[in-house]
Amino acid sequence: MYFAKACKSIALLLSFIFHSVSYADSVASYPEGWEDWPVVKESLTLPADTVLPPDTSLFIQEAVRSYSWINDGQGSPLTIRVNPEKLEQYKTHGPYTDGPTVVAVSEVQGIIWVTEHFSGLPMYGSYNRQGEDIASTHPTLEPEFCARCHDTYKDICINGTCTEPVLSPYE
Ligand code: HEC
């Protein structure tokens, strides 16, 4: 009797833990007003049938493969906008002050990827254009997945931002 009760509470505890793990919410918050942030780069997520040159870096291969599902595998324009208060910080890949830093907007599908900083550390989030958290709708939209690239490839991604800061507005 006691044993059954103990088992039940362990099962409850486990389901609670797994529930909270499997629904990964965005960590970065939705930055109101991002639509008016200056555009620093227009890029693309590539279609699923893209053939990359054999000497393509692992980083780029992984980036293309991870997001080839977007727009049913047909790719989408990607617009990168930076918080106007952080333009100078962005040029040098930080160090960044607290608050939302930069968004990457997948134009066709309406995905807003957000990078925010807190105490110098990058945090990630995924939202739709209505500001709803969509991080749990696809494995590649979860904050942990973002960190796989943004926190791992330290030669390319510095302080959590990856784009080459050779930005046309500064040329
Ligand atoms: C497979 C690698 C990879 C993963 C995973 C990834 N990114 Fe990125 N991210 C990139 C690359 C590469 C760029 C630069 C794109 C360009 O310059 O065209 C980028 C650019 C960005 C930018 C524009 C600012 C910058 O860093 O230069 C934001 C914002 C961003 N990503 C957020 C996210 C979020 C949020 C996630 C998770 C939901 C995520 N990324 C997952 C590779 C990745």
# chains A, B, ... in the order shown; residues from 1 in each chain; ligands from 1
>>> closest_atom_pairs(of="chain A", to="ligand 1", cutoff="7 Å", atoms="only C-alpha atoms and all ligand atoms", output="tab-separated table")
residue	atom	partner	partner_atom_place_in_ligand_line	distance
A:Ser43	CA	ligand 1	18 (O)	4.6
A:Leu44	CA	ligand 1	18 (O)	6.2
A:Phe59	CA	ligand 1	2 (C)	6.4
A:Ile60	CA	ligand 1	12 (C)	6.1
A:Glu62	CA	ligand 1	1 (C)	4.6
A:Ala63	CA	ligand 1	1 (C)	3.2
A:Val64	CA	ligand 1	1 (C)	6.8
A:Ser66	CA	ligand 1	1 (C)	5.5
A:Ile80	CA	ligand 1	23 (C)	5.4
A:Val102	CA	ligand 1	29 (C)	4.9
A:Val103	CA	ligand 1	29 (C)	3.9
A:Ala104	CA	ligand 1	29 (C)	4.4
A:Trp113	CA	ligand 1	35 (C)	4.1
A:Val114	CA	ligand 1	29 (C)	4.6
A:Thr115	CA	ligand 1	29 (C)	4.7
A:Tyr124	CA	ligand 1	35 (C)	4.4
A:Gly125	CA	ligand 1	35 (C)	4.7
A:Ser126	CA	ligand 1	38 (C)	5.4
A:Ala135	CA	ligand 1	38 (C)	6.9
A:Thr140	CA	ligand 1	38 (C)	5.9
A:Leu141	CA	ligand 1	38 (C)	3.7
A:Glu142	CA	ligand 1	38 (C)	5.3
A:Pro143	CA	ligand 1	37 (C)	5.3
A:Phe145	CA	ligand 1	5 (C)	5.3
A:Cys146	CA	ligand 1	37 (C)	3.4
A:Ala147	CA	ligand 1	5 (C)	6.7
A:Arg148	CA	ligand 1	5 (C)	5.7
A:Cys149	CA	ligand 1	2 (C)	4.3
A:His150	CA	ligand 1	7 (N)	6.0
A:Cys157	CA	ligand 1	26 (O)	6.9
A:Gly160	CA	ligand 1	26 (O)	6.2
A:Thr161	CA	ligand 1	26 (O)	3.2
A:Cys162	CA	ligand 1	27 (O)	3.9
A:Thr163	CA	ligand 1	27 (O)	3.5
A:Glu164	CA	ligand 1	17 (O)	6.3
>>> residues_around(residues="A:Glu116", least_positions_apart="6", cutoff="10 Å", atoms="only C-alpha atoms", output="number ranges by chain")
A: 27-31, 83, 96-103, 122-125, 160
>>> select_by_dssp(residues="chain A", states="strand (DSSP E or B)", output="ChimeraX atom specification")
/A:39-45,76-82,99-106,111-118,121-128,133,158,161
>>> write_last_selection(atoms="C-alpha atoms", output="PDB file, in the first residue's frame")
ATOM      1  CA  VAL A  39      18.161  46.168 -40.970  1.00  0.00           C
ATOM      2  CA  VAL A  40      21.829  45.169 -40.904  1.00  0.00           C
ATOM      3  CA  LYS A  41      21.673  42.207 -43.231  1.00  0.00           C
ATOM      4  CA  GLU A  42      19.372  40.461 -45.666  1.00  0.00           C
ATOM      5  CA  SER A  43      20.127  36.790 -45.932  1.00  0.00           C
ATOM      6  CA  LEU A  44      18.428  33.470 -46.740  1.00  0.00           C
ATOM      7  CA  THR A  45      17.574  30.164 -45.229  1.00  0.00           C
ATOM      8  CA  SER A  76      12.984  31.924 -47.182  1.00  0.00           C
ATOM      9  CA  PRO A  77      14.475  35.401 -47.101  1.00  0.00           C
ATOM     10  CA  LEU A  78      15.920  36.222 -43.688  1.00  0.00           C
ATOM     11  CA  THR A  79      16.128  39.776 -42.392  1.00  0.00           C
ATOM     12  CA  ILE A  80      18.454  40.633 -39.535  1.00  0.00           C
ATOM     13  CA  ARG A  81      17.559  43.676 -37.433  1.00  0.00           C
ATOM     14  CA  VAL A  82      19.519  45.092 -34.513  1.00  0.00           C
ATOM     15  CA  GLY A  99      18.104  43.547 -23.038  1.00  0.00           C
ATOM     16  CA  PRO A 100      17.010  42.374 -26.499  1.00  0.00           C
ATOM     17  CA  THR A 101      19.898  42.564 -28.949  1.00  0.00           C
ATOM     18  CA  VAL A 102      19.024  41.297 -32.409  1.00  0.00           C
ATOM     19  CA  VAL A 103      16.288  39.482 -34.339  1.00  0.00           C
ATOM     20  CA  ALA A 104      16.450  37.301 -37.434  1.00  0.00           C
ATOM     21  CA  VAL A 105      13.113  37.235 -39.239  1.00  0.00           C
ATOM     22  CA  SER A 106      12.218  34.388 -41.562  1.00  0.00           C
ATOM     23  CA  ILE A 111       9.442  33.222 -37.489  1.00  0.00           C
ATOM     24  CA  ILE A 112      11.140  35.801 -35.263  1.00  0.00           C
ATOM     25  CA  TRP A 113      14.390  34.456 -33.817  1.00  0.00           C
ATOM     26  CA  VAL A 114      15.456  36.555 -30.858  1.00  0.00           C
ATOM     27  CA  THR A 115      18.802  36.904 -29.146  1.00  0.00           C
ATOM     28  CA  GLU A 116      18.765  38.814 -25.881  1.00  0.00           C
ATOM     29  CA  HIS A 117      21.592  39.385 -23.414  1.00  0.00           C
ATOM     30  CA  PHE A 118      21.600  39.250 -19.671  1.00  0.00           C
ATOM     31  CA  LEU A 121      25.273  35.987 -21.654  1.00  0.00           C
ATOM     32  CA  PRO A 122      23.151  35.322 -24.755  1.00  0.00           C
ATOM     33  CA  MET A 123      19.625  33.919 -24.392  1.00  0.00           C
ATOM     34  CA  TYR A 124      17.436  32.723 -27.247  1.00  0.00           C
ATOM     35  CA  GLY A 125      13.776  32.665 -28.200  1.00  0.00           C
ATOM     36  CA  SER A 126      11.418  31.980 -31.128  1.00  0.00           C
ATOM     37  CA  TYR A 127       8.181  33.852 -31.724  1.00  0.00           C
ATOM     38  CA  ASN A 128       5.623  34.377 -34.456  1.00  0.00           C
ATOM     39  CA  ASP A 133       6.122  31.819 -28.149  1.00  0.00           C
ATOM     40  CA  ILE A 158      31.142  35.706 -30.557  1.00  0.00           C
ATOM     41  CA  THR A 161      25.998  36.612 -32.470  1.00  0.00           C
TER      42      THR A 161
END
>>> select_by_dssp(residues="chain A", states="helix (DSSP H, G or I)", output="PyMOL selection string")
chain A and resi 2-22+34-36+58-66+70-73+84-91+135-137+139-141+143-150+168-170
>>> atom_distance(atom1="atom CA of A:Leu46", atom2="atom CA of A:Gln74")
7.2 Å
